[in-house]
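The next block is work-v7.txt, given as compact mmCIF, N, CA and C atoms.
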```
# COMPACT_ATOMS: atom_id res chain seq x y z
N CYS A 18 49.69 149.34 94.49
CA CYS A 18 50.10 149.41 95.88
C CYS A 18 50.51 150.83 96.25
N SER A 19 51.35 151.44 95.43
CA SER A 19 51.87 152.77 95.78
C SER A 19 50.77 153.82 95.78
N ASP A 20 49.77 153.66 94.90
CA ASP A 20 48.65 154.62 94.90
C ASP A 20 47.90 154.57 96.23
N TYR A 21 47.63 153.34 96.69
CA TYR A 21 46.93 153.20 97.97
C TYR A 21 47.79 153.72 99.13
N SER A 22 49.06 153.38 99.09
CA SER A 22 49.96 153.82 100.15
C SER A 22 50.07 155.34 100.19
N ASP A 23 50.21 155.96 99.02
CA ASP A 23 50.28 157.42 98.94
C ASP A 23 48.99 158.05 99.46
N LEU A 24 47.86 157.45 99.12
CA LEU A 24 46.57 157.95 99.60
C LEU A 24 46.49 157.87 101.11
N ALA A 25 46.90 156.73 101.67
CA ALA A 25 46.88 156.56 103.12
C ALA A 25 47.80 157.57 103.80
N ASP A 26 48.99 157.76 103.23
CA ASP A 26 49.92 158.77 103.77
C ASP A 26 49.24 160.13 103.82
N SER A 27 48.58 160.48 102.74
CA SER A 27 47.90 161.77 102.64
C SER A 27 46.75 161.90 103.64
N ILE A 28 46.03 160.82 103.83
CA ILE A 28 44.91 160.81 104.78
C ILE A 28 45.42 161.13 106.19
N VAL A 29 46.54 160.51 106.56
CA VAL A 29 47.10 160.76 107.89
C VAL A 29 47.65 162.18 107.98
N GLU A 30 48.43 162.57 106.98
CA GLU A 30 49.11 163.87 107.02
C GLU A 30 48.13 165.04 106.96
N ASN A 31 47.11 164.93 106.13
CA ASN A 31 46.22 166.07 105.91
C ASN A 31 44.95 166.04 106.75
N LEU A 32 44.49 164.84 107.09
CA LEU A 32 43.23 164.74 107.83
C LEU A 32 43.39 164.17 109.24
N GLY A 33 44.53 163.55 109.49
CA GLY A 33 44.76 162.96 110.81
C GLY A 33 43.89 161.75 111.09
N GLU A 34 43.36 161.13 110.06
CA GLU A 34 42.44 159.99 110.19
C GLU A 34 43.21 158.67 110.11
N LYS A 35 43.68 158.21 111.25
CA LYS A 35 44.50 157.00 111.27
C LYS A 35 43.70 155.72 111.00
N GLU A 36 42.48 155.63 111.48
CA GLU A 36 41.67 154.43 111.24
C GLU A 36 41.34 154.27 109.75
N TRP A 37 41.00 155.37 109.11
CA TRP A 37 40.72 155.33 107.67
C TRP A 37 42.00 154.96 106.92
N ALA A 38 43.10 155.59 107.30
CA ALA A 38 44.38 155.30 106.65
C ALA A 38 44.74 153.82 106.81
N LYS A 39 44.47 153.26 107.98
CA LYS A 39 44.78 151.85 108.22
C LYS A 39 44.07 150.96 107.21
N LYS A 40 42.82 151.25 106.94
CA LYS A 40 42.06 150.47 105.96
C LYS A 40 42.68 150.58 104.56
N VAL A 41 43.16 151.77 104.24
CA VAL A 41 43.77 151.98 102.93
C VAL A 41 45.14 151.27 102.86
N TYR A 42 45.91 151.33 103.96
CA TYR A 42 47.18 150.59 104.00
C TYR A 42 46.95 149.09 103.85
N GLU A 43 45.87 148.59 104.42
CA GLU A 43 45.54 147.16 104.28
C GLU A 43 45.31 146.81 102.82
N LYS A 44 44.64 147.70 102.09
CA LYS A 44 44.44 147.47 100.65
C LYS A 44 45.77 147.52 99.91
N ALA A 45 46.63 148.45 100.32
CA ALA A 45 47.95 148.55 99.69
C ALA A 45 48.75 147.27 99.92
N GLU A 46 48.67 146.73 101.12
CA GLU A 46 49.40 145.50 101.42
C GLU A 46 48.92 144.34 100.55
N LYS A 47 47.62 144.27 100.30
CA LYS A 47 47.08 143.21 99.44
C LYS A 47 47.56 143.36 98.00
N LYS A 48 47.82 144.59 97.57
CA LYS A 48 48.26 144.85 96.19
C LYS A 48 49.77 144.73 96.01
N ALA A 49 50.52 144.83 97.10
CA ALA A 49 51.98 144.81 97.00
C ALA A 49 52.47 143.48 96.44
N LYS A 50 53.50 143.56 95.63
CA LYS A 50 54.05 142.36 95.02
C LYS A 50 55.56 142.22 95.25
N GLY A 51 56.30 143.27 95.06
CA GLY A 51 57.75 143.19 95.12
C GLY A 51 58.33 143.64 96.45
N CYS A 52 59.58 143.31 96.62
CA CYS A 52 60.32 143.64 97.84
C CYS A 52 60.22 145.12 98.19
N SER A 53 60.49 145.99 97.23
CA SER A 53 60.50 147.43 97.52
C SER A 53 59.11 147.95 97.84
N GLU A 54 58.08 147.40 97.20
CA GLU A 54 56.72 147.84 97.54
C GLU A 54 56.41 147.53 99.00
N PHE A 55 56.83 146.36 99.45
CA PHE A 55 56.58 145.99 100.85
C PHE A 55 57.38 146.85 101.82
N TYR A 56 58.67 147.10 101.52
CA TYR A 56 59.44 147.86 102.51
C TYR A 56 59.07 149.33 102.54
N VAL A 57 58.66 149.89 101.42
CA VAL A 57 58.18 151.27 101.44
C VAL A 57 56.87 151.35 102.23
N LEU A 58 55.99 150.40 102.01
CA LEU A 58 54.73 150.35 102.74
C LEU A 58 54.97 150.20 104.25
N ALA A 59 55.87 149.31 104.62
CA ALA A 59 56.18 149.10 106.03
C ALA A 59 56.68 150.39 106.68
N GLY A 60 57.52 151.12 105.97
CA GLY A 60 58.02 152.40 106.49
C GLY A 60 56.89 153.39 106.71
N SER A 61 55.95 153.45 105.79
CA SER A 61 54.81 154.36 105.94
C SER A 61 53.93 153.96 107.11
N ILE A 62 53.70 152.67 107.25
CA ILE A 62 52.88 152.17 108.36
C ILE A 62 53.54 152.54 109.69
N HIS A 63 54.84 152.33 109.76
CA HIS A 63 55.55 152.65 111.00
C HIS A 63 55.52 154.15 111.28
N GLU A 64 55.81 154.93 110.28
CA GLU A 64 55.88 156.38 110.46
C GLU A 64 54.52 157.02 110.75
N ASN A 65 53.52 156.62 110.01
CA ASN A 65 52.23 157.31 110.10
C ASN A 65 51.26 156.72 111.12
N LEU A 66 51.37 155.41 111.35
CA LEU A 66 50.46 154.78 112.32
C LEU A 66 51.17 154.42 113.62
N ARG A 67 52.50 154.48 113.60
CA ARG A 67 53.30 154.09 114.78
C ARG A 67 53.01 152.65 115.19
N ASP A 68 52.77 151.80 114.18
CA ASP A 68 52.45 150.39 114.42
C ASP A 68 53.68 149.55 114.07
N LYS A 69 54.54 149.37 115.06
CA LYS A 69 55.81 148.66 114.85
C LYS A 69 55.59 147.19 114.51
N GLU A 70 54.62 146.55 115.14
CA GLU A 70 54.38 145.12 114.90
C GLU A 70 53.88 144.87 113.48
N TRP A 71 52.95 145.69 113.02
CA TRP A 71 52.46 145.53 111.65
C TRP A 71 53.58 145.82 110.66
N ALA A 72 54.33 146.87 110.92
CA ALA A 72 55.45 147.21 110.04
C ALA A 72 56.43 146.03 109.96
N LYS A 73 56.71 145.41 111.10
CA LYS A 73 57.63 144.27 111.12
C LYS A 73 57.11 143.13 110.26
N LYS A 74 55.82 142.86 110.33
CA LYS A 74 55.23 141.79 109.51
C LYS A 74 55.35 142.11 108.01
N VAL A 75 55.17 143.37 107.67
CA VAL A 75 55.30 143.77 106.26
C VAL A 75 56.76 143.69 105.82
N TYR A 76 57.69 144.06 106.70
CA TYR A 76 59.11 143.90 106.38
C TYR A 76 59.46 142.43 106.18
N GLU A 77 58.85 141.54 106.94
CA GLU A 77 59.08 140.11 106.75
C GLU A 77 58.62 139.66 105.37
N LYS A 78 57.51 140.20 104.91
CA LYS A 78 57.04 139.89 103.55
C LYS A 78 58.03 140.41 102.52
N SER A 79 58.58 141.59 102.79
CA SER A 79 59.58 142.17 101.90
C SER A 79 60.80 141.26 101.79
N GLU A 80 61.24 140.74 102.93
CA GLU A 80 62.41 139.85 102.92
C GLU A 80 62.14 138.61 102.07
N LYS A 81 60.94 138.08 102.15
CA LYS A 81 60.60 136.88 101.36
C LYS A 81 60.63 137.18 99.86
N LYS A 82 60.38 138.43 99.50
CA LYS A 82 60.36 138.81 98.09
C LYS A 82 61.72 139.24 97.56
N ALA A 83 62.65 139.53 98.46
CA ALA A 83 63.98 140.02 98.03
C ALA A 83 64.70 138.95 97.23
N LYS A 84 65.35 139.41 96.15
CA LYS A 84 66.01 138.47 95.26
C LYS A 84 67.49 138.75 95.10
N ASP A 85 67.87 140.03 95.06
CA ASP A 85 69.26 140.34 94.77
C ASP A 85 69.92 141.10 95.91
N SER A 86 71.19 141.30 95.77
CA SER A 86 72.00 141.93 96.81
C SER A 86 71.48 143.31 97.19
N SER A 87 71.13 144.11 96.19
CA SER A 87 70.69 145.48 96.49
C SER A 87 69.37 145.51 97.26
N GLU A 88 68.48 144.56 96.98
CA GLU A 88 67.22 144.51 97.73
C GLU A 88 67.47 144.15 99.20
N PHE A 89 68.34 143.17 99.42
CA PHE A 89 68.65 142.80 100.80
C PHE A 89 69.35 143.94 101.53
N GLU A 90 70.25 144.62 100.82
CA GLU A 90 70.96 145.75 101.44
C GLU A 90 70.00 146.88 101.78
N SER A 91 69.10 147.22 100.87
CA SER A 91 68.12 148.27 101.13
C SER A 91 67.21 147.91 102.30
N LEU A 92 66.81 146.67 102.34
CA LEU A 92 65.95 146.22 103.43
C LEU A 92 66.69 146.27 104.76
N ALA A 93 67.95 145.84 104.77
CA ALA A 93 68.75 145.88 106.00
C ALA A 93 68.85 147.30 106.52
N TYR A 94 69.10 148.24 105.61
CA TYR A 94 69.19 149.65 106.01
C TYR A 94 67.90 150.10 106.70
N ARG A 95 66.77 149.74 106.13
CA ARG A 95 65.49 150.14 106.70
C ARG A 95 65.22 149.46 108.05
N ILE A 96 65.59 148.20 108.14
CA ILE A 96 65.37 147.46 109.39
C ILE A 96 66.15 148.11 110.53
N ILE A 97 67.36 148.52 110.24
CA ILE A 97 68.17 149.11 111.31
C ILE A 97 67.77 150.56 111.58
N SER A 98 67.47 151.32 110.53
CA SER A 98 67.17 152.74 110.75
C SER A 98 65.75 152.96 111.26
N ILE A 99 64.82 152.11 110.89
CA ILE A 99 63.43 152.31 111.29
C ILE A 99 63.07 151.47 112.51
N LEU A 100 63.44 150.20 112.50
CA LEU A 100 63.10 149.32 113.62
C LEU A 100 64.21 149.24 114.67
N GLY A 101 65.43 149.59 114.27
CA GLY A 101 66.55 149.53 115.19
C GLY A 101 67.00 148.11 115.51
N ASP A 102 66.70 147.16 114.64
CA ASP A 102 67.01 145.75 114.88
C ASP A 102 68.33 145.38 114.19
N LYS A 103 69.44 145.49 114.92
CA LYS A 103 70.76 145.21 114.35
C LYS A 103 70.94 143.73 114.01
N ASP A 104 70.38 142.84 114.81
CA ASP A 104 70.54 141.40 114.55
C ASP A 104 69.89 141.01 113.23
N TRP A 105 68.67 141.48 113.03
CA TRP A 105 67.98 141.17 111.77
C TRP A 105 68.71 141.81 110.61
N ALA A 106 69.14 143.06 110.78
CA ALA A 106 69.87 143.76 109.71
C ALA A 106 71.14 143.00 109.35
N LYS A 107 71.84 142.49 110.35
CA LYS A 107 73.08 141.74 110.09
C LYS A 107 72.80 140.52 109.23
N LYS A 108 71.71 139.81 109.53
CA LYS A 108 71.34 138.64 108.72
C LYS A 108 71.02 139.05 107.28
N LEU A 109 70.37 140.19 107.14
CA LEU A 109 70.04 140.68 105.79
C LEU A 109 71.29 141.10 105.03
N TYR A 110 72.22 141.75 105.73
CA TYR A 110 73.48 142.12 105.08
C TYR A 110 74.25 140.87 104.64
N LYS A 111 74.19 139.81 105.43
CA LYS A 111 74.85 138.56 105.05
C LYS A 111 74.21 138.00 103.78
N LYS A 112 72.88 138.05 103.71
CA LYS A 112 72.20 137.60 102.49
C LYS A 112 72.59 138.47 101.30
N ALA A 113 72.73 139.77 101.55
CA ALA A 113 73.15 140.68 100.48
C ALA A 113 74.54 140.29 99.98
N GLU A 114 75.44 140.01 100.90
CA GLU A 114 76.80 139.59 100.52
C GLU A 114 76.75 138.31 99.70
N ASP A 115 75.96 137.36 100.13
CA ASP A 115 75.86 136.08 99.44
C ASP A 115 75.27 136.22 98.03
N LYS A 116 74.49 137.27 97.82
CA LYS A 116 73.81 137.46 96.53
C LYS A 116 74.59 138.34 95.55
N VAL A 117 75.73 138.89 95.98
CA VAL A 117 76.51 139.73 95.06
C VAL A 117 76.95 138.87 93.88
N ASP A 118 76.67 139.36 92.68
CA ASP A 118 77.08 138.68 91.46
C ASP A 118 78.41 139.29 91.03
N ASP A 119 79.48 138.53 91.21
CA ASP A 119 80.83 139.03 90.91
C ASP A 119 80.97 139.49 89.45
N ARG A 120 80.19 138.91 88.57
CA ARG A 120 80.31 139.23 87.15
C ARG A 120 79.66 140.56 86.79
N VAL A 121 78.68 140.99 87.59
CA VAL A 121 77.94 142.22 87.28
C VAL A 121 78.09 143.19 88.45
N TYR A 122 78.89 144.21 88.27
CA TYR A 122 79.09 145.24 89.30
C TYR A 122 79.57 144.68 90.63
N GLY A 123 80.31 143.57 90.59
CA GLY A 123 80.75 142.92 91.81
C GLY A 123 81.57 143.83 92.71
N SER A 124 82.60 144.49 92.15
CA SER A 124 83.45 145.32 92.99
C SER A 124 82.67 146.50 93.56
N GLU A 125 81.81 147.10 92.75
CA GLU A 125 80.99 148.22 93.23
C GLU A 125 79.98 147.75 94.29
N SER A 126 79.42 146.57 94.09
CA SER A 126 78.46 146.03 95.05
C SER A 126 79.12 145.76 96.39
N TYR A 127 80.30 145.13 96.35
CA TYR A 127 81.01 144.86 97.60
C TYR A 127 81.42 146.15 98.31
N ALA A 128 81.88 147.13 97.54
CA ALA A 128 82.30 148.40 98.14
C ALA A 128 81.12 149.12 98.78
N GLY A 129 79.99 149.15 98.09
CA GLY A 129 78.79 149.79 98.64
C GLY A 129 78.27 149.08 99.87
N LEU A 130 78.32 147.77 99.82
CA LEU A 130 77.88 146.96 100.96
C LEU A 130 78.81 147.19 102.16
N ALA A 131 80.09 147.27 101.90
CA ALA A 131 81.06 147.54 102.97
C ALA A 131 80.77 148.87 103.65
N GLU A 132 80.51 149.89 102.85
CA GLU A 132 80.21 151.22 103.40
C GLU A 132 78.94 151.18 104.24
N SER A 133 77.92 150.50 103.76
CA SER A 133 76.66 150.41 104.47
C SER A 133 76.82 149.67 105.80
N ILE A 134 77.58 148.60 105.78
CA ILE A 134 77.81 147.82 107.00
C ILE A 134 78.61 148.63 108.01
N ARG A 135 79.62 149.34 107.54
CA ARG A 135 80.42 150.17 108.44
C ARG A 135 79.55 151.28 109.05
N ASP A 136 78.77 151.95 108.21
CA ASP A 136 77.96 153.08 108.68
C ASP A 136 76.80 152.64 109.58
N ASN A 137 76.16 151.53 109.25
CA ASN A 137 74.93 151.15 109.94
C ASN A 137 75.10 150.11 111.04
N LEU A 138 76.09 149.25 110.90
CA LEU A 138 76.34 148.25 111.94
C LEU A 138 77.57 148.58 112.78
N GLY A 139 78.42 149.43 112.21
CA GLY A 139 79.67 149.75 112.90
C GLY A 139 80.66 148.60 112.89
N ASP A 140 80.49 147.67 111.95
CA ASP A 140 81.35 146.48 111.87
C ASP A 140 82.48 146.76 110.88
N LYS A 141 83.58 147.30 111.40
CA LYS A 141 84.72 147.68 110.55
C LYS A 141 85.43 146.46 109.98
N LYS A 142 85.50 145.39 110.74
CA LYS A 142 86.19 144.18 110.29
C LYS A 142 85.49 143.57 109.07
N TRP A 143 84.19 143.43 109.16
CA TRP A 143 83.42 142.87 108.04
C TRP A 143 83.53 143.80 106.83
N ALA A 144 83.44 145.09 107.07
CA ALA A 144 83.54 146.07 105.98
C ALA A 144 84.90 145.95 105.28
N GLU A 145 85.97 145.78 106.05
CA GLU A 145 87.30 145.64 105.45
C GLU A 145 87.40 144.38 104.59
N LEU A 146 86.79 143.29 105.04
CA LEU A 146 86.78 142.06 104.24
C LEU A 146 86.07 142.26 102.91
N LEU A 147 84.96 142.99 102.96
CA LEU A 147 84.21 143.25 101.72
C LEU A 147 84.99 144.20 100.80
N GLU A 148 85.66 145.17 101.39
CA GLU A 148 86.49 146.07 100.58
C GLU A 148 87.63 145.31 99.91
N GLN A 149 88.17 144.32 100.62
CA GLN A 149 89.22 143.48 100.04
C GLN A 149 88.67 142.68 98.85
N LYS A 150 87.45 142.14 98.99
CA LYS A 150 86.82 141.43 97.86
C LYS A 150 86.64 142.37 96.68
N ALA A 151 86.22 143.60 96.95
CA ALA A 151 86.03 144.58 95.88
C ALA A 151 87.35 144.87 95.18
N LYS A 152 88.41 145.04 95.94
CA LYS A 152 89.73 145.32 95.37
C LYS A 152 90.21 144.15 94.52
N GLU A 153 90.02 142.92 95.02
CA GLU A 153 90.42 141.75 94.27
C GLU A 153 89.70 141.67 92.92
N LEU A 154 88.42 142.00 92.92
CA LEU A 154 87.66 141.97 91.66
C LEU A 154 88.15 143.06 90.71
N GLU A 155 88.47 144.23 91.26
CA GLU A 155 89.01 145.31 90.41
C GLU A 155 90.33 144.90 89.79
N ASP A 156 91.18 144.24 90.59
CA ASP A 156 92.49 143.82 90.11
C ASP A 156 92.37 142.76 89.03
N ASP A 157 91.31 141.95 89.08
CA ASP A 157 91.10 140.91 88.08
C ASP A 157 90.67 141.48 86.73
N ASP A 158 90.11 142.71 86.75
CA ASP A 158 89.62 143.31 85.51
C ASP A 158 90.71 143.77 84.62
```
Using the file provided, produce a representation of the structure as structure tokens.
Amino acid sequence: CSDYSDLADSIVENLGEKEWAKKVYEKAEKKAKGCSEFYVLAGSIHENLRDKEWAKKVYEKSEKKAKDSSEFESLAYRIISILGDKDWAKKLYKKAEDKVDDRVYGSESYAGLAESIRDNLGDKKWAELLEQKAKELEDDD
């Protein structure tokens, strides 16, 4: 997937051939398997082809492949920064919160998620709740 995506990026950047690049991005999409492959591809499609609808569909595939907190958090960041969709990002951040494994990097995960939510959604209240969860986990250690 990444080889095709990189090739398509290069085709647009160096040759300005968007139709050719589109065909290569389509091949990349067929090869993509994991969450990050889909969201990186969606970002390239949006940036290089300016095709917001196609990018959104690829981001939806990414969401279906997301498994853990960090994948949902990364996807939420991209949804808000690239598509500007705060409602969708909020839902993804909620999924990220629900997927935090308290036993493995729980306090760090909650703290990072809190920072991301504060910075990207501007939701200080939610961020404070997550910081409190992080502190509680640290205190338990």
**Message:** Need to verify the contact set: stretch 119-135 of chain A, 6.5 Å, all atoms listed in the file, exclusion of same-chain residues closer than 6 positions in sequence. Can you return it as a ChimeraX atom specification?
**Reply:** /A:141,143-145,147-148,150-152,154-155
**Shell of 7 Å around stretch 75-81 of chain A, all atoms listed in the file, local chain residues under 5 positions omitted, as a VMD selection string** = chain A and resid 51 to 56 58 to 59 70
**Request:** Would you mind listing what lies within 8 Å of A:Leu24 as number ranges by chain, with only N, CA and C atoms counted and same-chain residues fewer than 3 positions away left out?
**Result:** A: 18-21, 27-30, 37-38, 41-42
Save out the residues we just selected, N, CA and C atoms, as a short mmCIF file (atom, residue, chain, number, x, y, z; two decimals), in the coordinates of the input.
```cif
data_model
loop_
_atom_site.label_atom_id
_atom_site.label_comp_id
_atom_site.auth_asym_id
_atom_site.auth_seq_id
_atom_site.Cartn_x
_atom_site.Cartn_y
_atom_site.Cartn_z
N CYS A 18 49.69 149.34 94.49
CA CYS A 18 50.10 149.41 95.88
C CYS A 18 50.51 150.83 96.25
N SER A 19 51.35 151.44 95.43
CA SER A 19 51.87 152.77 95.78
C SER A 19 50.77 153.82 95.78
N ASP A 20 49.77 153.66 94.90
CA ASP A 20 48.65 154.62 94.90
C ASP A 20 47.90 154.57 96.23
N TYR A 21 47.63 153.34 96.69
CA TYR A 21 46.93 153.20 97.97
C TYR A 21 47.79 153.72 99.13
N SER A 27 48.58 160.48 102.74
CA SER A 27 47.90 161.77 102.64
C SER A 27 46.75 161.90 103.64
N ILE A 28 46.03 160.82 103.83
CA ILE A 28 44.91 160.81 104.78
C ILE A 28 45.42 161.13 106.19
N VAL A 29 46.54 160.51 106.56
CA VAL A 29 47.10 160.76 107.89
C VAL A 29 47.65 162.18 107.98
N GLU A 30 48.43 162.57 106.98
CA GLU A 30 49.11 163.87 107.02
C GLU A 30 48.13 165.04 106.96
N TRP A 37 41.00 155.37 109.11
CA TRP A 37 40.72 155.33 107.67
C TRP A 37 42.00 154.96 106.92
N ALA A 38 43.10 155.59 107.30
CA ALA A 38 44.38 155.30 106.65
C ALA A 38 44.74 153.82 106.81
N VAL A 41 43.16 151.77 104.24
CA VAL A 41 43.77 151.98 102.93
C VAL A 41 45.14 151.27 102.86
N TYR A 42 45.91 151.33 103.96
CA TYR A 42 47.18 150.59 104.00
C TYR A 42 46.95 149.09 103.85
#
```
May I have the residues within 12 Å of A:Lys103 as a PDB file with N, CA and C atoms, in the frame of the given file, using only C-alpha atoms and disregarding those fewer than 2 positions away in the same chain?
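New file around-v8.pdb:
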```pdb
ATOM      1  N   LEU A  92      66.810 146.670 102.340  1.00  0.00           N
ATOM      2  CA  LEU A  92      65.950 146.220 103.430  1.00  0.00           C
ATOM      3  C   LEU A  92      66.690 146.270 104.760  1.00  0.00           C
ATOM      4  N   ALA A  93      67.950 145.840 104.770  1.00  0.00           N
ATOM      5  CA  ALA A  93      68.750 145.880 106.000  1.00  0.00           C
ATOM      6  C   ALA A  93      68.850 147.300 106.520  1.00  0.00           C
ATOM      7  N   TYR A  94      69.100 148.240 105.610  1.00  0.00           N
ATOM      8  CA  TYR A  94      69.190 149.650 106.010  1.00  0.00           C
ATOM      9  C   TYR A  94      67.900 150.100 106.700  1.00  0.00           C
ATOM     10  N   ARG A  95      66.770 149.740 106.130  1.00  0.00           N
ATOM     11  CA  ARG A  95      65.490 150.140 106.700  1.00  0.00           C
ATOM     12  C   ARG A  95      65.220 149.460 108.050  1.00  0.00           C
ATOM     13  N   ILE A  96      65.590 148.200 108.140  1.00  0.00           N
ATOM     14  CA  ILE A  96      65.370 147.460 109.390  1.00  0.00           C
ATOM     15  C   ILE A  96      66.150 148.110 110.530  1.00  0.00           C
ATOM     16  N   ILE A  97      67.360 148.520 110.240  1.00  0.00           N
ATOM     17  CA  ILE A  97      68.170 149.110 111.310  1.00  0.00           C
ATOM     18  C   ILE A  97      67.770 150.560 111.580  1.00  0.00           C
ATOM     19  N   SER A  98      67.470 151.320 110.530  1.00  0.00           N
ATOM     20  CA  SER A  98      67.170 152.740 110.750  1.00  0.00           C
ATOM     21  C   SER A  98      65.750 152.960 111.260  1.00  0.00           C
ATOM     22  N   ILE A  99      64.820 152.110 110.890  1.00  0.00           N
ATOM     23  CA  ILE A  99      63.430 152.310 111.290  1.00  0.00           C
ATOM     24  C   ILE A  99      63.070 151.470 112.510  1.00  0.00           C
ATOM     25  N   LEU A 100      63.440 150.200 112.500  1.00  0.00           N
ATOM     26  CA  LEU A 100      63.100 149.320 113.620  1.00  0.00           C
ATOM     27  C   LEU A 100      64.210 149.240 114.670  1.00  0.00           C
ATOM     28  N   GLY A 101      65.430 149.590 114.270  1.00  0.00           N
ATOM     29  CA  GLY A 101      66.550 149.530 115.190  1.00  0.00           C
ATOM     30  C   GLY A 101      67.000 148.110 115.510  1.00  0.00           C
ATOM     31  N   TRP A 105      68.670 141.480 113.030  1.00  0.00           N
ATOM     32  CA  TRP A 105      67.980 141.170 111.770  1.00  0.00           C
ATOM     33  C   TRP A 105      68.710 141.810 110.610  1.00  0.00           C
ATOM     34  N   ALA A 106      69.140 143.060 110.780  1.00  0.00           N
ATOM     35  CA  ALA A 106      69.870 143.760 109.710  1.00  0.00           C
ATOM     36  C   ALA A 106      71.140 143.000 109.350  1.00  0.00           C
ATOM     37  N   LYS A 107      71.840 142.490 110.350  1.00  0.00           N
ATOM     38  CA  LYS A 107      73.080 141.740 110.090  1.00  0.00           C
ATOM     39  C   LYS A 107      72.800 140.520 109.230  1.00  0.00           C
ATOM     40  N   LYS A 108      71.710 139.810 109.530  1.00  0.00           N
ATOM     41  CA  LYS A 108      71.340 138.640 108.720  1.00  0.00           C
ATOM     42  C   LYS A 108      71.020 139.050 107.280  1.00  0.00           C
ATOM     43  N   LEU A 109      70.370 140.190 107.140  1.00  0.00           N
ATOM     44  CA  LEU A 109      70.040 140.680 105.790  1.00  0.00           C
ATOM     45  C   LEU A 109      71.290 141.100 105.030  1.00  0.00           C
ATOM     46  N   TYR A 110      72.220 141.750 105.730  1.00  0.00           N
ATOM     47  CA  TYR A 110      73.480 142.120 105.080  1.00  0.00           C
ATOM     48  C   TYR A 110      74.250 140.870 104.640  1.00  0.00           C
ATOM     49  N   ILE A 134      77.580 148.600 105.780  1.00  0.00           N
ATOM     50  CA  ILE A 134      77.810 147.820 107.000  1.00  0.00           C
ATOM     51  C   ILE A 134      78.610 148.630 108.010  1.00  0.00           C
ATOM     52  N   ASN A 137      76.160 151.530 109.250  1.00  0.00           N
ATOM     53  CA  ASN A 137      74.930 151.150 109.940  1.00  0.00           C
ATOM     54  C   ASN A 137      75.100 150.110 111.040  1.00  0.00           C
ATOM     55  N   LEU A 138      76.090 149.250 110.900  1.00  0.00           N
ATOM     56  CA  LEU A 138      76.340 148.250 111.940  1.00  0.00           C
ATOM     57  C   LEU A 138      77.570 148.580 112.780  1.00  0.00           C
ATOM     58  N   GLY A 139      78.420 149.430 112.210  1.00  0.00           N
ATOM     59  CA  GLY A 139      79.670 149.750 112.900  1.00  0.00           C
ATOM     60  C   GLY A 139      80.660 148.600 112.890  1.00  0.00           C
ATOM     61  N   ASP A 140      80.490 147.670 111.950  1.00  0.00           N
ATOM     62  CA  ASP A 140      81.350 146.480 111.870  1.00  0.00           C
ATOM     63  C   ASP A 140      82.480 146.760 110.880  1.00  0.00           C
TER      64      ASP A 140
END
```
**Length of the atom CA of A:Ala45 to atom CA of A:Ser22 vector [Å]** = 5.7 Å
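Taking atom N of A:Asp104 and atom C of A:Lys69 as endpoints, the distance between them is 15.4 Å.
The interatomic distance for the pair atom CA of A:Val117 and atom CA of A:Ser86 works out to 5.3 Å.
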**Message:** Among stretch 73-103 of chain A, which ones does DSSP assign to helix (DSSP H, G or I) (computed from the backbone)? Answer as number ranges by chain.
**Reply:** A: 73-82, 86-100, 103
